[in-house]
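One structure is given here, and the rest of the page talks about it.
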Amino acid sequence: MSEVSVTKDAVPTADKLVVLDNVNKHFGALHVLQDIDLTIARGEVVVVIGPSGSGKSTLCRTINRLETVDSGSIAIDGKPLPQEGRELAKLRSDVGMVFQAFNLFAHKTVLENVMLGQVKVRRTDKKAAEEKARTLLDRVGVGNQADKYPAQLSGGQQQRVAIARALAMDPKVMLFDEPTSALDPEMINEVLEVMKQLAEEGMTMVVVTHEMGFARSAANRVVFMADGRIVEEATPEQFFNNPRSDRAKDFLAKIL
Ligand code: ADP
Ligand code: MG
């Protein structure tokens, strides 16, 4: 049996939610994304790992067009990424993003943080937006913090609010860029638990993380990046037990 995991052609077209086709990007002389082909199926959880500087964050940021690409194409649910304007705002809300730094609005309450995008981008009326925000805050376990300001919450609570805020937009896919890296150790699990629950509910997720326990238990596929390239793709079991490339073996030896 081939060990090669899901390839572009293995996924039926209708199930291809995110498709990157031969994407290249430079920062000046640095070729930060090199010939990236990546297809993410609806409902799939892909964990992206790799050394610092390998292009993982840039990859995430191109998927919701926080960064442009130099060549190649990116499509979400069959539609190419729009260039600007309302279509781009709509795309951004289809692609939820959770960063290492929680990026909540400091001068808004937790509840307002989760209502804002619904009202401004989705044009949801305030009452419905509030109801949904409260439901989501409950779901991530911070319903009782709704009227506080972000600074009054722990890092783990703030990150769960950030997840609720992204979910409020009914995203088609959620991108997580090292969501637990800035957290004190005792708060990491409460965030990972929320993410695991989301994965179990069928959310399509791209997760950049060093949490190998999460990768093993929640990922359908591991994508290993080094120097701007996807070096290896495999199931977590294959990847952790039997990495094929020297780069991956090296990396795993350092972190495990
Ligand atoms: P990772 O998330 O895997 O650590 P990044 O995608 O953040 O990697 O960065 C990949 C490379 O691109 C790094 O060498 C980084 O310094 C560089 N880089 C990232 N963002 C920028 C930028 N806006 N301008 C110039 N170089 C950048
Ligand atoms: Mg990064």
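By order of appearance in the structure tokens: chains A, B, ..., then residues from 1 within every chain, and ligands from 1 in the order shown.
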Spatial neighbours of A:Asn24, 12 Å, only C-alpha atoms, chain gap at least 5 places, as a VMD selection string: chain A and resid 30 to 37 55 58 to 59 62 67 to 74 228 to 230
Taking only C-alpha atoms and all ligand atoms and a cut-off of 12 Å, can you tell me which residues surround ligand 2, written as an mmCIF file with all heavy atoms, in the first residue's frame?
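Final file, part29.cif:
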```cif
data_model
loop_
_atom_site.group_PDB
_atom_site.id
_atom_site.type_symbol
_atom_site.label_atom_id
_atom_site.label_comp_id
_atom_site.auth_asym_id
_atom_site.auth_seq_id
_atom_site.Cartn_x
_atom_site.Cartn_y
_atom_site.Cartn_z
ATOM 1 N N VAL A 32 9.423 32.249 0.192
ATOM 2 C CA VAL A 32 8.844 31.768 1.450
ATOM 3 C C VAL A 32 7.819 30.643 1.253
ATOM 4 O O VAL A 32 7.703 29.766 2.111
ATOM 5 C CB VAL A 32 8.274 32.945 2.278
ATOM 6 C CG1 VAL A 32 7.174 33.655 1.522
ATOM 7 C CG2 VAL A 32 7.789 32.494 3.635
ATOM 8 N N VAL A 48 -0.410 21.472 10.499
ATOM 9 C CA VAL A 48 0.801 21.878 9.793
ATOM 10 C C VAL A 48 1.909 22.041 10.824
ATOM 11 O O VAL A 48 1.760 22.789 11.795
ATOM 12 C CB VAL A 48 0.587 23.216 9.048
ATOM 13 C CG1 VAL A 48 1.861 23.630 8.322
ATOM 14 C CG2 VAL A 48 -0.587 23.101 8.078
ATOM 15 N N ILE A 49 2.983 21.309 10.625
ATOM 16 C CA ILE A 49 4.105 21.456 11.551
ATOM 17 C C ILE A 49 5.382 21.684 10.756
ATOM 18 O O ILE A 49 5.429 21.468 9.535
ATOM 19 C CB ILE A 49 4.259 20.236 12.502
ATOM 20 C CG1 ILE A 49 4.649 18.991 11.733
ATOM 21 C CG2 ILE A 49 2.996 19.983 13.292
ATOM 22 C CD1 ILE A 49 4.913 17.817 12.662
ATOM 23 N N GLY A 50 6.400 22.134 11.452
ATOM 24 C CA GLY A 50 7.670 22.382 10.791
ATOM 25 C C GLY A 50 8.466 23.391 11.580
ATOM 26 O O GLY A 50 7.927 24.070 12.448
ATOM 27 N N PRO A 51 9.766 23.491 11.258
ATOM 28 C CA PRO A 51 10.626 24.401 12.009
ATOM 29 C C PRO A 51 10.174 25.850 11.880
ATOM 30 O O PRO A 51 9.478 26.205 10.927
ATOM 31 C CB PRO A 51 12.004 24.212 11.359
ATOM 32 C CG PRO A 51 11.889 23.087 10.411
ATOM 33 C CD PRO A 51 10.464 22.750 10.204
ATOM 34 N N SER A 52 10.583 26.650 12.826
ATOM 35 C CA SER A 52 10.330 28.083 12.786
ATOM 36 C C SER A 52 10.909 28.661 11.501
ATOM 37 O O SER A 52 12.002 28.297 11.086
ATOM 38 C CB SER A 52 11.001 28.704 14.009
ATOM 39 O OG SER A 52 10.857 30.084 13.969
ATOM 40 N N GLY A 53 10.135 29.522 10.860
ATOM 41 C CA GLY A 53 10.599 30.158 9.629
ATOM 42 C C GLY A 53 10.336 29.359 8.378
ATOM 43 O O GLY A 53 10.726 29.755 7.283
ATOM 44 N N SER A 54 9.639 28.223 8.502
ATOM 45 C CA SER A 54 9.436 27.375 7.325
ATOM 46 C C SER A 54 8.275 27.848 6.443
ATOM 47 O O SER A 54 8.072 27.304 5.366
ATOM 48 C CB SER A 54 9.230 25.915 7.749
ATOM 49 O OG SER A 54 8.178 25.788 8.670
ATOM 50 N N GLY A 55 7.504 28.834 6.916
ATOM 51 C CA GLY A 55 6.441 29.384 6.069
ATOM 52 C C GLY A 55 5.040 29.019 6.518
ATOM 53 O O GLY A 55 4.061 29.282 5.811
ATOM 54 N N LYS A 56 4.894 28.451 7.700
ATOM 55 C CA LYS A 56 3.582 27.985 8.164
ATOM 56 C C LYS A 56 2.594 29.144 8.340
ATOM 57 O O LYS A 56 1.464 29.067 7.891
ATOM 58 C CB LYS A 56 3.729 27.220 9.500
ATOM 59 C CG LYS A 56 4.732 26.083 9.452
ATOM 60 C CD LYS A 56 4.867 25.376 10.790
ATOM 61 C CE LYS A 56 5.323 26.230 11.948
ATOM 62 N NZ LYS A 56 6.711 26.747 11.834
ATOM 63 N N SER A 57 3.056 30.200 8.996
ATOM 64 C CA SER A 57 2.158 31.348 9.203
ATOM 65 C C SER A 57 1.812 32.002 7.871
ATOM 66 O O SER A 57 0.660 32.380 7.635
ATOM 67 C CB SER A 57 2.801 32.391 10.125
ATOM 68 O OG SER A 57 2.917 31.869 11.426
ATOM 69 N N THR A 58 2.804 32.121 7.017
ATOM 70 C CA THR A 58 2.557 32.732 5.713
ATOM 71 C C THR A 58 1.533 31.906 4.936
ATOM 72 O O THR A 58 0.633 32.464 4.300
ATOM 73 C CB THR A 58 3.872 32.858 4.915
ATOM 74 O OG1 THR A 58 4.821 33.556 5.721
ATOM 75 C CG2 THR A 58 3.661 33.602 3.616
ATOM 76 N N LEU A 59 1.647 30.601 5.030
ATOM 77 C CA LEU A 59 0.670 29.729 4.368
ATOM 78 C C LEU A 59 -0.742 30.043 4.877
ATOM 79 O O LEU A 59 -1.670 30.246 4.077
ATOM 80 C CB LEU A 59 1.021 28.261 4.639
ATOM 81 C CG LEU A 59 0.054 27.240 4.062
ATOM 82 C CD1 LEU A 59 0.188 27.170 2.546
ATOM 83 C CD2 LEU A 59 0.278 25.863 4.668
ATOM 84 N N CYS A 60 -0.909 30.101 6.185
ATOM 85 C CA CYS A 60 -2.228 30.433 6.753
ATOM 86 C C CYS A 60 -2.704 31.786 6.255
ATOM 87 O O CYS A 60 -3.861 31.958 5.881
ATOM 88 C CB CYS A 60 -2.161 30.500 8.276
ATOM 89 S SG CYS A 60 -2.170 28.897 9.047
ATOM 90 N N ARG A 61 -1.785 32.741 6.274
ATOM 91 C CA ARG A 61 -2.192 34.109 5.931
ATOM 92 C C ARG A 61 -2.549 34.262 4.464
ATOM 93 O O ARG A 61 -3.351 35.125 4.107
ATOM 94 C CB ARG A 61 -1.086 35.085 6.347
ATOM 95 C CG ARG A 61 -0.921 35.158 7.873
ATOM 96 C CD ARG A 61 0.358 35.854 8.286
ATOM 97 N NE ARG A 61 0.433 37.220 7.788
ATOM 98 C CZ ARG A 61 -0.165 38.265 8.374
ATOM 99 N NH1 ARG A 61 -0.832 38.097 9.477
ATOM 100 N NH2 ARG A 61 -0.073 39.463 7.847
ATOM 101 N N PHE A 99 -5.204 33.504 16.006
ATOM 102 C CA PHE A 99 -3.762 33.739 16.017
ATOM 103 C C PHE A 99 -3.158 33.377 17.371
ATOM 104 O O PHE A 99 -3.870 33.181 18.352
ATOM 105 C CB PHE A 99 -3.472 35.216 15.760
ATOM 106 C CG PHE A 99 -4.011 35.746 14.462
ATOM 107 C CD1 PHE A 99 -5.293 36.267 14.390
ATOM 108 C CD2 PHE A 99 -3.233 35.735 13.320
ATOM 109 C CE1 PHE A 99 -5.791 36.771 13.193
ATOM 110 C CE2 PHE A 99 -3.725 36.238 12.123
ATOM 111 C CZ PHE A 99 -5.009 36.755 12.064
ATOM 112 N N GLN A 100 -1.840 33.406 17.387
ATOM 113 C CA GLN A 100 -1.124 33.177 18.639
ATOM 114 C C GLN A 100 -1.482 34.253 19.665
ATOM 115 O O GLN A 100 -1.802 33.951 20.815
ATOM 116 C CB GLN A 100 0.374 33.192 18.336
ATOM 117 C CG GLN A 100 1.231 32.979 19.550
ATOM 118 C CD GLN A 100 2.701 32.887 19.172
ATOM 119 O OE1 GLN A 100 3.053 32.556 18.041
ATOM 120 N NE2 GLN A 100 3.561 33.168 20.112
ATOM 121 N N ALA A 101 -1.420 35.512 19.234
ATOM 122 C CA ALA A 101 -1.870 36.614 20.097
ATOM 123 C C ALA A 101 -3.368 36.743 19.850
ATOM 124 O O ALA A 101 -3.801 36.696 18.716
ATOM 125 C CB ALA A 101 -1.151 37.895 19.708
ATOM 126 N N PHE A 176 -5.941 27.991 12.503
ATOM 127 C CA PHE A 176 -5.374 28.259 13.830
ATOM 128 C C PHE A 176 -3.863 28.342 13.676
ATOM 129 O O PHE A 176 -3.232 27.364 13.281
ATOM 130 C CB PHE A 176 -5.690 27.115 14.792
ATOM 131 C CG PHE A 176 -7.150 26.960 15.132
ATOM 132 C CD1 PHE A 176 -7.993 26.196 14.337
ATOM 133 C CD2 PHE A 176 -7.679 27.561 16.263
ATOM 134 C CE1 PHE A 176 -9.341 26.037 14.660
ATOM 135 C CE2 PHE A 176 -9.024 27.411 16.598
ATOM 136 C CZ PHE A 176 -9.853 26.654 15.794
ATOM 137 N N ASP A 177 -3.296 29.507 13.982
ATOM 138 C CA ASP A 177 -1.847 29.647 13.861
ATOM 139 C C ASP A 177 -1.217 29.666 15.252
ATOM 140 O O ASP A 177 -1.210 30.684 15.920
ATOM 141 C CB ASP A 177 -1.493 30.911 13.081
ATOM 142 C CG ASP A 177 -0.001 30.976 12.747
ATOM 143 O OD1 ASP A 177 0.738 30.021 13.081
ATOM 144 O OD2 ASP A 177 0.420 31.984 12.147
ATOM 145 N N GLU A 178 -0.713 28.554 15.672
ATOM 146 C CA GLU A 178 -0.105 28.390 17.001
ATOM 147 C C GLU A 178 -0.980 28.991 18.103
ATOM 148 O O GLU A 178 -0.522 29.848 18.872
ATOM 149 C CB GLU A 178 1.304 28.988 17.008
ATOM 150 C CG GLU A 178 2.210 28.306 15.982
ATOM 151 C CD GLU A 178 3.697 28.493 16.295
ATOM 152 O OE1 GLU A 178 4.030 28.727 17.461
ATOM 153 O OE2 GLU A 178 4.503 28.369 15.370
ATOM 154 N N PRO A 179 -2.218 28.513 18.194
ATOM 155 C CA PRO A 179 -3.179 29.154 19.111
ATOM 156 C C PRO A 179 -2.829 28.997 20.582
ATOM 157 O O PRO A 179 -3.350 29.744 21.399
ATOM 158 C CB PRO A 179 -4.492 28.426 18.798
ATOM 159 C CG PRO A 179 -4.066 27.103 18.263
ATOM 160 C CD PRO A 179 -2.810 27.380 17.484
ATOM 161 N N SER A 181 0.529 28.802 21.710
ATOM 162 C CA SER A 181 1.956 29.080 21.956
ATOM 163 C C SER A 181 2.194 30.186 22.966
ATOM 164 O O SER A 181 3.238 30.218 23.618
ATOM 165 C CB SER A 181 2.658 29.457 20.657
ATOM 166 O OG SER A 181 2.607 28.372 19.780
ATOM 167 N N ALA A 182 1.227 31.109 23.082
ATOM 168 C CA ALA A 182 1.430 32.233 24.007
ATOM 169 C C ALA A 182 0.813 31.961 25.379
ATOM 170 O O ALA A 182 0.806 32.837 26.228
ATOM 171 C CB ALA A 182 0.841 33.505 23.400
ATOM 172 N N VAL A 207 -4.503 23.679 11.310
ATOM 173 C CA VAL A 207 -3.955 24.022 12.624
ATOM 174 C C VAL A 207 -2.432 23.960 12.591
ATOM 175 O O VAL A 207 -1.851 22.893 12.390
ATOM 176 C CB VAL A 207 -4.472 23.043 13.705
ATOM 177 C CG1 VAL A 207 -3.959 23.461 15.085
ATOM 178 C CG2 VAL A 207 -6.000 22.962 13.703
ATOM 179 N N VAL A 208 -1.802 25.120 12.750
ATOM 180 C CA VAL A 208 -0.355 25.139 12.932
ATOM 181 C C VAL A 208 -0.106 25.006 14.429
ATOM 182 O O VAL A 208 -0.605 25.810 15.213
ATOM 183 C CB VAL A 208 0.263 26.467 12.429
ATOM 184 C CG1 VAL A 208 1.776 26.470 12.663
ATOM 185 C CG2 VAL A 208 -0.063 26.700 10.962
ATOM 186 N N THR A 209 0.608 23.982 14.817
ATOM 187 C CA THR A 209 0.818 23.785 16.253
ATOM 188 C C THR A 209 2.040 22.923 16.515
ATOM 189 O O THR A 209 2.479 22.148 15.659
ATOM 190 C CB THR A 209 -0.422 23.118 16.910
ATOM 191 O OG1 THR A 209 -0.224 23.079 18.325
ATOM 192 C CG2 THR A 209 -0.653 21.701 16.408
ATOM 193 N N HIS A 210 2.590 23.098 17.706
ATOM 194 C CA HIS A 210 3.657 22.207 18.168
ATOM 195 C C HIS A 210 3.103 21.185 19.145
ATOM 196 O O HIS A 210 3.872 20.433 19.752
ATOM 197 C CB HIS A 210 4.773 23.009 18.830
ATOM 198 C CG HIS A 210 5.406 24.005 17.914
ATOM 199 N ND1 HIS A 210 6.045 23.626 16.753
ATOM 200 C CD2 HIS A 210 5.469 25.361 17.942
ATOM 201 C CE1 HIS A 210 6.489 24.700 16.129
ATOM 202 N NE2 HIS A 210 6.138 25.769 16.826
ATOM 203 N N MET A 225 6.225 21.082 6.850
ATOM 204 C CA MET A 225 6.869 22.091 5.996
ATOM 205 C C MET A 225 8.297 22.345 6.433
ATOM 206 O O MET A 225 8.608 22.326 7.623
ATOM 207 C CB MET A 225 6.126 23.429 6.086
ATOM 208 C CG MET A 225 4.829 23.462 5.330
ATOM 209 S SD MET A 225 4.092 25.123 5.338
ATOM 210 C CE MET A 225 5.106 25.939 4.090
ATOM 211 N N GLY A 228 9.861 26.562 3.206
ATOM 212 C CA GLY A 228 8.865 27.024 2.240
ATOM 213 C C GLY A 228 8.224 25.949 1.392
ATOM 214 O O GLY A 228 7.426 26.250 0.507
#
```
Which residue of A:Thr204, A:Thr13, A:Gln157, A:Gln197 approaches A:Leu183 most closely, using only C-alpha atoms: A:Gln157
7 Å contact set for A:Val206, only C-alpha atoms, chain neighbours under 5 positions out, as a PyMOL selection string: chain A and resi 45-47+174-176
I need the residues from that last selection saved to file as a compact mmCIF listing (two decimals), in the first residue's frame (with all heavy atoms), if you can.
```
# COMPACT_ATOMS: atom_id res chain seq x y z
N VAL A 45 -9.27 17.77 9.17
CA VAL A 45 -8.43 18.51 10.12
C VAL A 45 -6.97 18.27 9.72
O VAL A 45 -6.48 17.14 9.77
CB VAL A 45 -8.66 18.05 11.57
CG1 VAL A 45 -7.73 18.79 12.52
CG2 VAL A 45 -10.13 18.26 11.97
N VAL A 46 -6.33 19.35 9.27
CA VAL A 46 -4.94 19.26 8.82
C VAL A 46 -4.06 19.99 9.81
O VAL A 46 -4.29 21.17 10.10
CB VAL A 46 -4.79 19.87 7.41
CG1 VAL A 46 -3.32 19.92 7.00
CG2 VAL A 46 -5.59 19.08 6.39
N VAL A 47 -3.09 19.30 10.35
CA VAL A 47 -2.13 19.94 11.24
C VAL A 47 -0.85 20.22 10.45
O VAL A 47 -0.33 19.33 9.78
CB VAL A 47 -1.83 19.07 12.48
CG1 VAL A 47 -0.57 19.55 13.20
CG2 VAL A 47 -3.02 19.11 13.45
N MET A 174 -11.64 26.90 9.53
CA MET A 174 -10.98 27.64 10.61
C MET A 174 -9.48 27.43 10.51
O MET A 174 -9.01 26.29 10.43
CB MET A 174 -11.46 27.14 11.97
CG MET A 174 -12.87 27.55 12.34
SD MET A 174 -12.99 29.23 13.00
CE MET A 174 -12.30 29.00 14.63
N LEU A 175 -8.74 28.52 10.54
CA LEU A 175 -7.28 28.46 10.56
C LEU A 175 -6.79 28.81 11.96
O LEU A 175 -7.21 29.83 12.52
CB LEU A 175 -6.67 29.47 9.57
CG LEU A 175 -7.20 29.49 8.14
CD1 LEU A 175 -6.51 30.61 7.35
CD2 LEU A 175 -6.98 28.15 7.47
N PHE A 176 -5.94 27.99 12.50
CA PHE A 176 -5.37 28.26 13.83
C PHE A 176 -3.86 28.34 13.68
O PHE A 176 -3.23 27.36 13.28
CB PHE A 176 -5.69 27.11 14.79
CG PHE A 176 -7.15 26.96 15.13
CD1 PHE A 176 -7.99 26.20 14.34
CD2 PHE A 176 -7.68 27.56 16.26
CE1 PHE A 176 -9.34 26.04 14.66
CE2 PHE A 176 -9.02 27.41 16.60
CZ PHE A 176 -9.85 26.65 15.79
```
Non-local contacts of stretch 237-241 of chain A (12 Å; only C-alpha atoms; under 4 positions in same chain excluded) as a VMD selection string: chain A and resid 2 to 5 47 to 49 212 to 213 215 to 224 231 to 233 245 247 to 253 255 to 256
Using only C-alpha atoms, please write the residues we just selected to a file, as a CSV table (one decimal), in the first residue's frame.
```
chain,number,residue,atom,x,y,z
A,2,SER,CA,1.1,3.5,-0.8
A,3,GLU,CA,1.8,5.7,2.2
A,4,VAL,CA,1.0,8.8,0.4
A,5,SER,CA,-1.9,10.6,1.9
A,47,VAL,CA,-2.1,19.9,11.2
A,48,VAL,CA,0.8,21.9,9.8
A,49,ILE,CA,4.1,21.5,11.6
A,212,MET,CA,1.9,16.8,19.0
A,213,GLY,CA,-0.7,15.2,21.3
A,215,ALA,CA,-1.9,16.3,16.1
A,216,ARG,CA,-2.0,12.6,17.0
A,217,SER,CA,-5.5,12.7,18.4
A,218,ALA,CA,-7.4,15.2,16.2
A,219,ALA,CA,-5.6,15.4,12.8
A,220,ASN,CA,-6.7,13.5,9.8
A,221,ARG,CA,-3.4,14.5,8.1
A,222,VAL,CA,-0.1,16.1,9.1
A,223,VAL,CA,1.6,18.4,6.6
A,224,PHE,CA,5.3,18.9,7.4
A,231,VAL,CA,8.2,18.1,2.4
A,232,GLU,CA,5.9,15.4,3.7
A,233,GLU,CA,2.2,14.7,4.1
A,245,SER,CA,12.1,12.5,4.9
A,247,ARG,CA,14.0,16.8,7.5
A,248,ALA,CA,11.0,15.3,9.3
A,249,LYS,CA,13.1,12.8,11.2
A,250,ASP,CA,15.4,15.6,12.3
A,251,PHE,CA,12.6,17.8,13.3
A,252,LEU,CA,10.8,15.0,15.3
A,253,ALA,CA,14.1,14.0,17.0
A,255,ILE,CA,10.8,18.0,19.6
A,256,LEU,CA,9.7,14.6,20.8
```
Distance query A:Lys79 at most 10 Å, only C-alpha atoms, self and fewer than 5 positions along chain excluded, as a count of residues only: 5
Shell of 8 Å around A:Ala166, only C-alpha atoms, local chain residues under 2 positions omitted, as a PyMOL selection string: chain A and resi 93+96-98+114+162-164+168-171+174
Among the residues A:Ala226, A:Lys126, A:Gln118, A:Arg244, the one that comes closest to ligand 1 [using only C-alpha atoms and all ligand atoms]: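 Of all the options, A:Ala226 lies closest to ligand 1.
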Near-stretch 41-43 of chain A list (10 Å; only C-alpha atoms; drop same-chain fewer than 4 positions) as number ranges by chain: A: 6, 8, 10-19, 77, 172-173, 199-205, 220
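For the set A:Lys25, A:Met187, A:Tyr149, A:Thr39, the residue with the smallest atom-to-atom gap to ligand 1 is A:Lys25, counting only C-alpha atoms and all ligand atoms.
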Which of stretch 26-169 of chain A DSSP labels alpha helix (DSSP H), written as a ChimeraX atom specification: /A:56-63,85-94,110-120,126-139,155-167
Using only C-alpha atoms and all ligand atoms: which of A:Ala234, A:Asp227, A:Phe102, A:Leu20 has the shortest distance to ligand 1: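 Comparing A:Ala234, A:Asp227, A:Phe102, A:Leu20 against ligand 1, the winner is A:Asp227.
On the backbone of this structure, DSSP gives strand (DSSP E) within stretch 146-186 of chain A to Val173, Met174, Leu175, Phe176 and Asp177 of chain A.
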Atom-to-atom span, atom CA of A:Ala151 and atom CA of A:Asn64, Å: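 Answer for the atom CA of A:Ala151 to atom CA of A:Asn64 separation: 27.1 Å.
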Can you check which parts of stretch 68-111 of chain A lie within 12 Å of stretch 134-145 of chain A? Per residue, the shortest pair of atoms and distance in Å to one decimal, counting only C-alpha atoms, sorted by chain and number, as CSV.
```
residue,atom,partner,partner_atom,distance
A:Thr109,CA,A:Gln145,CA,9.0
A:Val110,CA,A:Gln145,CA,6.9
A:Leu111,CA,A:Arg134,CA,7.1
```
